[in-house]
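K.L.:
Here's a structure for you.
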Amino acid sequence: MKTSTKRTLLAAAISSACLLTAMPSYAEGSFTANASATSNYIWRGLTQTVNEAAVQGGIDYAHESGFYAGTWASNVSYASDDIYSYEHDMYFGFSGESDGISYDFGYLYYNYDAEAEFDFAEVYGSVGMGGLSLTVYLLAHTEADEGEGQDFGFAQASYTSLDYSMEVLNGTELGFHVGYHEGDFAEAFNGVEGYVDYGVSIAKDGFSFAITGTDVDDVGADALDNDELKFTVAYSVDFEL
């Protein structure tokens, strides 16, 4: 998922911050496009492409008021013969800074193949100071059906992450991440119970390298090695529109 708050370790996996450049047009706002390739699409510590490569891209709009909106897409696969083939995200929000405190809040919709019937949306909020940021995502709604004993209601699933980044060696960015995903919907979508993910990344000039891991027990016929450390290389580029 690529959003302005998806500050995951992989810059390509949403992605994340809207890296927007000024463009003297359209309601004092700016448009940019982004494209990336990654050796493994990692989302919240879990592979979204059965540990294979992904090609991703999107378009973002940002207004000087702090409002932003965008869309982003990637190939996905959760098993060798499943019905999932793509993820298409749509999002909007508002971000800014006051007295050295940055903030970002918004709405994010995840769209998958129609046959999957598992689209869902989250609301999110983030605060940061310096290189440190805390972000919380809450389930807003989903088209998925609840199973017996499950609750897919508002805020009944959440993801909380703590991230820290710092500049080292002439513009190289070093990042650290830890997150926790929980709730009935999170378990239904991911196939694992509440879990912790963590990682470290290094990035410069569009290139990034990340080492990520989780505390899940990944067993069974469809095991995706999510209990193992994953090493991912990615490259991303942004364009003015």
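Convention: chains lettered A, B, ... in structure tokens order; per-chain residue numbering from 1; ligands numbered from 1 as shown.
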Extract, using only C-alpha atoms, all DNA, RNA and protein residues at most 7 Å from Ile211 (chain A), discarding same-chain residues fewer than 5 positions from it, and format them as a PyMOL selection string.

P.N.:
chain A and resi 199-201+229-232

K.L.:
Using N, CA, C and O atoms, can you export the residues from the last selection as a tab-separated table (two decimals), in the first residue's frame?

P.N.:
chain	number	residue	atom	x	y	z
A	199	GLY	N	11.87	-4.32	11.78
A	199	GLY	CA	12.83	-4.29	10.70
A	199	GLY	C	13.75	-3.09	10.74
A	199	GLY	O	13.59	-2.17	11.55
A	200	VAL	N	14.72	-3.12	9.85
A	200	VAL	CA	15.65	-2.02	9.67
A	200	VAL	C	15.87	-1.83	8.19
A	200	VAL	O	15.84	-2.80	7.41
A	201	SER	N	16.04	-0.60	7.74
A	201	SER	CA	16.20	-0.32	6.32
A	201	SER	C	17.24	0.76	6.11
A	201	SER	O	17.54	1.57	7.00
A	229	LEU	N	13.43	-14.18	8.61
A	229	LEU	CA	13.88	-12.86	8.20
A	229	LEU	C	13.80	-12.75	6.69
A	229	LEU	O	14.12	-13.69	5.96
A	230	LYS	N	13.38	-11.57	6.21
A	230	LYS	CA	13.28	-11.35	4.77
A	230	LYS	C	14.20	-10.19	4.39
A	230	LYS	O	14.26	-9.18	5.09
A	231	PHE	N	14.88	-10.36	3.26
A	231	PHE	CA	15.81	-9.36	2.76
A	231	PHE	C	15.27	-8.84	1.43
A	231	PHE	O	15.08	-9.61	0.49
A	232	THR	N	15.00	-7.55	1.37
A	232	THR	CA	14.32	-6.99	0.21
A	232	THR	C	15.09	-5.81	-0.37
A	232	THR	O	15.56	-4.95	0.37

K.L.:
Need the shell around Gln150 (chain A): protein/DNA/RNA residues with any atom at most 10 Å away, counting only C-alpha atoms. Skip same-chain ones fewer than 2 positions apart. Format as a list of chain:residue names?

P.N.:
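Once the nearby chain positions are removed, what remains is A:Asp145, A:Glu146, A:Gly147, A:Glu148, A:Phe152, A:Gly153, A:Gln156, A:Gly183, A:Asp184, A:Phe185, A:Glu187, A:Ala188.
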
K.L.:
Export N, CA, C and O atoms of the chosen residues as a tab-separated table (two decimals), in the first residue's frame?

P.N.:
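selection-v1.tsv, freshly written:
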chain	number	residue	atom	x	y	z
A	145	ASP	N	-17.32	-11.02	4.79
A	145	ASP	CA	-18.31	-11.54	5.72
A	145	ASP	C	-17.63	-12.04	6.99
A	145	ASP	O	-16.58	-12.68	6.94
A	146	GLU	N	-18.24	-11.75	8.11
A	146	GLU	CA	-17.73	-12.24	9.38
A	146	GLU	C	-17.99	-13.74	9.52
A	146	GLU	O	-19.05	-14.23	9.15
A	147	GLY	N	-17.01	-14.44	10.07
A	147	GLY	CA	-17.22	-15.82	10.42
A	147	GLY	C	-17.81	-15.94	11.81
A	147	GLY	O	-18.00	-14.94	12.51
A	148	GLU	N	-18.08	-17.13	12.23
A	148	GLU	CA	-18.65	-17.34	13.56
A	148	GLU	C	-17.70	-16.82	14.63
A	148	GLU	O	-16.52	-17.16	14.65
A	152	PHE	N	-16.00	-7.74	12.68
A	152	PHE	CA	-15.33	-6.89	11.70
A	152	PHE	C	-15.83	-5.45	11.82
A	152	PHE	O	-15.80	-4.69	10.84
A	153	GLY	N	-16.27	-5.05	13.00
A	153	GLY	CA	-16.80	-3.72	13.20
A	153	GLY	C	-15.72	-2.66	13.26
A	153	GLY	O	-14.52	-2.95	13.28
A	156	GLN	N	-12.31	-2.64	15.34
A	156	GLN	CA	-12.13	-3.95	15.95
A	156	GLN	C	-10.87	-4.65	15.45
A	156	GLN	O	-10.58	-5.78	15.86
A	183	GLY	N	-6.67	-8.16	15.89
A	183	GLY	CA	-8.10	-8.08	15.62
A	183	GLY	C	-8.58	-9.21	14.74
A	183	GLY	O	-7.80	-9.84	14.01
A	184	ASP	N	-9.88	-9.49	14.80
A	184	ASP	CA	-10.46	-10.59	14.03
A	184	ASP	C	-10.25	-10.41	12.54
A	184	ASP	O	-9.94	-11.36	11.82
A	185	PHE	N	-10.44	-9.18	12.03
A	185	PHE	CA	-10.27	-8.98	10.59
A	185	PHE	C	-8.81	-9.15	10.19
A	185	PHE	O	-8.51	-9.73	9.14
A	187	GLU	N	-6.68	-11.08	11.52
A	187	GLU	CA	-6.40	-12.52	11.50
A	187	GLU	C	-7.01	-13.17	10.26
A	187	GLU	O	-6.38	-14.01	9.61
A	188	ALA	N	-8.23	-12.76	9.89
A	188	ALA	CA	-8.89	-13.34	8.73
A	188	ALA	C	-8.14	-12.99	7.44
A	188	ALA	O	-7.98	-13.83	6.55

K.L.:
Identify, on the basis of only C-alpha atoms, every residue whose closest approach to region 236-238 of chain A does not exceed 6 Å; exclude the query and any residue fewer than 6 positions from it along the same chain; express the result as a compact mmCIF listing (two decimals) with all heavy atoms, in the first residue's frame.

P.N.:
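Written file, out-v6.txt:
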# COMPACT_ATOMS: atom_id res chain seq x y z
N ALA A 12 9.43 1.46 -1.51
CA ALA A 12 8.62 1.01 -2.64
C ALA A 12 7.31 0.44 -2.20
O ALA A 12 6.32 0.54 -2.90
CB ALA A 12 9.38 -0.04 -3.42
N ALA A 33 3.73 11.48 -9.97
CA ALA A 33 3.53 10.04 -10.17
C ALA A 33 4.74 9.32 -9.61
O ALA A 33 5.83 9.90 -9.47
CB ALA A 33 3.37 9.73 -11.66
N ASN A 34 4.57 8.06 -9.26
CA ASN A 34 5.66 7.27 -8.73
C ASN A 34 5.63 5.87 -9.33
O ASN A 34 4.56 5.36 -9.67
CB ASN A 34 5.61 7.20 -7.19
CG ASN A 34 4.32 6.57 -6.70
OD1 ASN A 34 4.18 5.35 -6.62
ND2 ASN A 34 3.33 7.42 -6.38
N ALA A 35 6.79 5.28 -9.48
CA ALA A 35 6.90 3.92 -9.98
C ALA A 35 8.01 3.22 -9.22
O ALA A 35 9.01 3.85 -8.85
CB ALA A 35 7.20 3.91 -11.47
N SER A 36 7.84 1.93 -8.96
CA SER A 36 8.86 1.20 -8.21
C SER A 36 8.84 -0.27 -8.56
O SER A 36 7.86 -0.80 -9.09
CB SER A 36 8.63 1.36 -6.70
OG SER A 36 7.38 0.79 -6.32
N GLY A 206 16.62 6.65 -4.23
CA GLY A 206 15.62 5.76 -4.78
C GLY A 206 15.85 4.29 -4.50
O GLY A 206 14.93 3.49 -4.62

K.L.:
Looking only at the backbone, which of the residues in region 158-218 of chain A does DSSP tag as strand (DSSP E), as number ranges by chain?

P.N.:
A: 158-168, 172-183, 195-204, 207-214

K.L.:
Create the file for the chosen residues now, containing N, CA and C atoms and written as a CSV table (one decimal), in the first residue's frame.

P.N.:
chain,number,residue,atom,x,y,z
A,158,SER,N,-6.6,-3.3,14.4
A,158,SER,CA,-5.8,-2.2,14.4
A,158,SER,C,-4.3,-2.6,14.1
A,159,TYR,N,-3.6,-1.6,13.6
A,159,TYR,CA,-2.2,-1.7,13.4
A,159,TYR,C,-1.5,-0.5,14.0
A,160,THR,N,-0.5,-0.7,14.9
A,160,THR,CA,0.2,0.4,15.5
A,160,THR,C,1.7,0.2,15.2
A,161,SER,N,2.3,1.3,14.8
A,161,SER,CA,3.7,1.2,14.4
A,161,SER,C,4.5,2.4,15.0
A,162,LEU,N,5.7,2.1,15.4
A,162,LEU,CA,6.7,3.1,15.9
A,162,LEU,C,7.9,3.1,14.9
A,163,ASP,N,8.2,4.2,14.4
A,163,ASP,CA,9.3,4.3,13.4
A,163,ASP,C,10.2,5.4,13.7
A,164,TYR,N,11.5,5.2,13.4
A,164,TYR,CA,12.5,6.2,13.6
A,164,TYR,C,13.5,6.2,12.4
A,165,SER,N,13.7,7.3,11.9
A,165,SER,CA,14.7,7.4,10.8
A,165,SER,C,15.7,8.5,11.0
A,166,MET,N,16.9,8.4,10.5
A,166,MET,CA,17.9,9.3,10.7
A,166,MET,C,18.8,9.3,9.4
A,167,GLU,N,19.4,10.5,9.2
A,167,GLU,CA,20.3,10.6,8.0
A,167,GLU,C,21.7,10.3,8.4
A,168,VAL,N,22.3,9.4,7.6
A,168,VAL,CA,23.7,9.0,7.8
A,168,VAL,C,24.5,9.1,6.5
A,172,THR,N,22.1,9.3,3.1
A,172,THR,CA,21.6,8.0,3.2
A,172,THR,C,20.7,7.9,4.4
A,173,GLU,N,19.5,7.3,4.3
A,173,GLU,CA,18.6,7.3,5.4
A,173,GLU,C,18.5,5.9,6.0
A,174,LEU,N,18.7,5.9,7.3
A,174,LEU,CA,18.6,4.6,8.1
A,174,LEU,C,17.3,4.6,8.9
A,175,GLY,N,16.5,3.6,8.8
A,175,GLY,CA,15.2,3.5,9.4
A,175,GLY,C,15.1,2.3,10.3
A,176,PHE,N,14.3,2.4,11.4
A,176,PHE,CA,14.0,1.4,12.3
A,176,PHE,C,12.5,1.3,12.5
A,177,HIS,N,11.9,0.1,12.6
A,177,HIS,CA,10.5,0.0,12.7
A,177,HIS,C,10.1,-1.2,13.6
A,178,VAL,N,9.0,-1.0,14.3
A,178,VAL,CA,8.3,-2.1,15.0
A,178,VAL,C,6.8,-1.8,15.0
A,179,GLY,N,6.0,-2.9,14.8
A,179,GLY,CA,4.6,-2.7,14.7
A,179,GLY,C,3.8,-3.9,15.3
A,180,TYR,N,2.6,-3.6,15.5
A,180,TYR,CA,1.7,-4.7,16.1
A,180,TYR,C,0.4,-4.7,15.4
A,181,HIS,N,0.0,-5.8,14.8
A,181,HIS,CA,-1.3,-6.0,14.1
A,181,HIS,C,-2.2,-6.9,14.9
A,182,GLU,N,-3.5,-6.6,15.1
A,182,GLU,CA,-4.4,-7.4,15.9
A,182,GLU,C,-5.8,-7.2,15.5
A,183,GLY,N,-6.7,-8.2,15.9
A,183,GLY,CA,-8.1,-8.1,15.6
A,183,GLY,C,-8.6,-9.2,14.7
A,195,TYR,N,0.2,-10.2,15.8
A,195,TYR,CA,1.6,-10.5,15.7
A,195,TYR,C,2.4,-9.2,15.7
A,196,VAL,N,3.7,-9.3,16.0
A,196,VAL,CA,4.6,-8.2,16.0
A,196,VAL,C,5.5,-8.3,14.7
A,197,ASP,N,5.7,-7.1,14.0
A,197,ASP,CA,6.7,-7.1,13.0
A,197,ASP,C,7.8,-6.1,13.3
A,198,TYR,N,8.9,-6.2,12.7
A,198,TYR,CA,10.0,-5.3,13.0
A,198,TYR,C,11.0,-5.3,11.8
A,199,GLY,N,11.9,-4.3,11.8
A,199,GLY,CA,12.8,-4.3,10.7
A,199,GLY,C,13.8,-3.1,10.7
A,200,VAL,N,14.7,-3.1,9.8
A,200,VAL,CA,15.7,-2.0,9.7
A,200,VAL,C,15.9,-1.8,8.2
A,201,SER,N,16.0,-0.6,7.7
A,201,SER,CA,16.2,-0.3,6.3
A,201,SER,C,17.2,0.8,6.1
A,202,ILE,N,17.8,0.8,4.9
A,202,ILE,CA,18.7,1.8,4.5
A,202,ILE,C,18.3,2.2,3.1
A,203,ALA,N,18.3,3.5,2.8
A,203,ALA,CA,17.8,4.0,1.5
A,203,ALA,C,18.6,5.2,1.1
A,204,LYS,N,18.8,5.3,-0.3
A,204,LYS,CA,19.4,6.5,-0.8
A,204,LYS,C,19.2,6.6,-2.3
A,207,PHE,N,17.1,3.9,-4.1
A,207,PHE,CA,17.4,2.5,-3.8
A,207,PHE,C,17.1,2.3,-2.3
A,208,SER,N,16.6,1.1,-2.0
A,208,SER,CA,16.5,0.8,-0.6
A,208,SER,C,16.7,-0.7,-0.3
A,209,PHE,N,17.2,-1.0,0.8
A,209,PHE,CA,17.4,-2.4,1.3
A,209,PHE,C,16.9,-2.5,2.7
A,210,ALA,N,16.1,-3.6,2.9
A,210,ALA,CA,15.4,-3.8,4.2
A,210,ALA,C,15.6,-5.2,4.7
A,211,ILE,N,15.7,-5.3,6.0
A,211,ILE,CA,15.6,-6.6,6.6
A,211,ILE,C,14.4,-6.6,7.6
A,212,THR,N,13.4,-7.5,7.4
A,212,THR,CA,12.2,-7.5,8.2
A,212,THR,C,12.0,-8.8,8.7
A,213,GLY,N,11.2,-8.9,9.8
A,213,GLY,CA,10.8,-10.1,10.5
A,213,GLY,C,9.6,-10.0,11.3
A,214,THR,N,9.1,-11.1,11.8
A,214,THR,CA,7.8,-11.1,12.6
A,214,THR,C,8.0,-12.2,13.7

K.L.:
Go ahead and compute the interatomic distance for CA of Gly66 (chain A) and CA of Gly93 (chain A), in Å to one decimal.

P.N.:
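Distance between the two atoms: 8.2 Å.
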
K.L.:
Could you list, as a ChimeraX atom specification, every residue within 6 Å of Asn111 (chain A), counting only C-alpha atoms and ignoring same-chain residues fewer than 3 positions away?

P.N.:
/A:87-89,119

K.L.:
What would the file look like if the residues just selected were written as a CSV table (one decimal), in the first residue's frame with C-alpha atoms?

P.N.:
chain,number,residue,atom,x,y,z
A,87,GLU,CA,-4.1,-4.4,-4.9
A,88,HIS,CA,-5.4,-0.9,-5.7
A,89,ASP,CA,-5.4,1.7,-2.9
A,119,ASP,CA,-12.0,-5.1,0.1

K.L.:
Run DSSP on the backbone of this structure and report the residues of region 8-224 of chain A it assigns to alpha helix (DSSP H), as a list in words.

P.N.:
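Taking region 8-224 of chain A and keeping alpha helix (DSSP H) gives Asp184, Phe185, Ala186, Glu187, Ala188, Phe189 and Asn190 of chain A.
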
K.L.:
What does the distance between CA of Asp60 (chain A) and CA of Ser30 (chain A) come to in Å, to one decimal place?

P.N.:
8.1 Å

K.L.:
Considering only C-alpha atoms, state which residue in the set A:Tyr86, A:Tyr103, A:Phe94, A:Phe67 is at the smallest distance from Tyr41 (chain A).

P.N.:
A:Tyr86

K.L.:
Need to verify the contact set: Asn40 (chain A), 6 Å, only C-alpha atoms, exclusion of same-chain residues closer than 3 positions in sequence. Can you return it as a PDB file with N, CA and C atoms, in the first residue's frame?

P.N.:
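Here's the written file around_28.pdb:
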ATOM      1  N   ASN A  51       6.624 -14.051  -1.702  1.00  0.00           N
ATOM      2  CA  ASN A  51       8.078 -13.819  -1.706  1.00  0.00           C
ATOM      3  C   ASN A  51       8.655 -13.616  -3.099  1.00  0.00           C
ATOM      4  N   GLU A  52       7.824 -13.152  -4.028  1.00  0.00           N
ATOM      5  CA  GLU A  52       8.301 -12.852  -5.370  1.00  0.00           C
ATOM      6  C   GLU A  52       8.244 -11.344  -5.622  1.00  0.00           C
ATOM      7  N   ALA A  53       8.730 -10.925  -6.773  1.00  0.00           N
ATOM      8  CA  ALA A  53       8.867  -9.505  -7.083  1.00  0.00           C
ATOM      9  C   ALA A  53       7.523  -8.832  -7.329  1.00  0.00           C
ATOM     10  N   THR A 232      15.000  -7.551   1.367  1.00  0.00           N
ATOM     11  CA  THR A 232      14.322  -6.991   0.212  1.00  0.00           C
ATOM     12  C   THR A 232      15.088  -5.815  -0.366  1.00  0.00           C
TER      13      THR A 232
END

K.L.:
Rank A:Asn226, A:Glu97, A:Glu193, A:Asp113 by their smallest atom-to-atom distance to Ser77 (chain A), using only C-alpha atoms, and report the top residue only.

P.N.:
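Looking only at the distances to Ser77 (chain A), the closest residue turns out to be A:Asp113.
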
K.L.:
Would you work out the distance separating CA of Gly131 (chain A) from CA of Arg44 (chain A), expressed in Å to one decimal?

P.N.:
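Interatomic distance, CA of Gly131 (chain A) to CA of Arg44 (chain A): 19.6 Å.
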
K.L.:
With distances taken over only C-alpha atoms, which of A:Ala186, A:Leu108, A:Ala37, A:Ile83 is nearest to Tyr235 (chain A)?

P.N.:
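That would be A:Ala37, the residue with the smallest distance to Tyr235 (chain A).
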
K.L.:
Rank nothing, just name the residue among A:Tyr78, A:Tyr109, A:Tyr84, A:Phe31 nearest to Glu64 (chain A), using only C-alpha atoms.

P.N.:
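Residue with the minimum atom-to-atom distance to Glu64 (chain A): A:Phe31.
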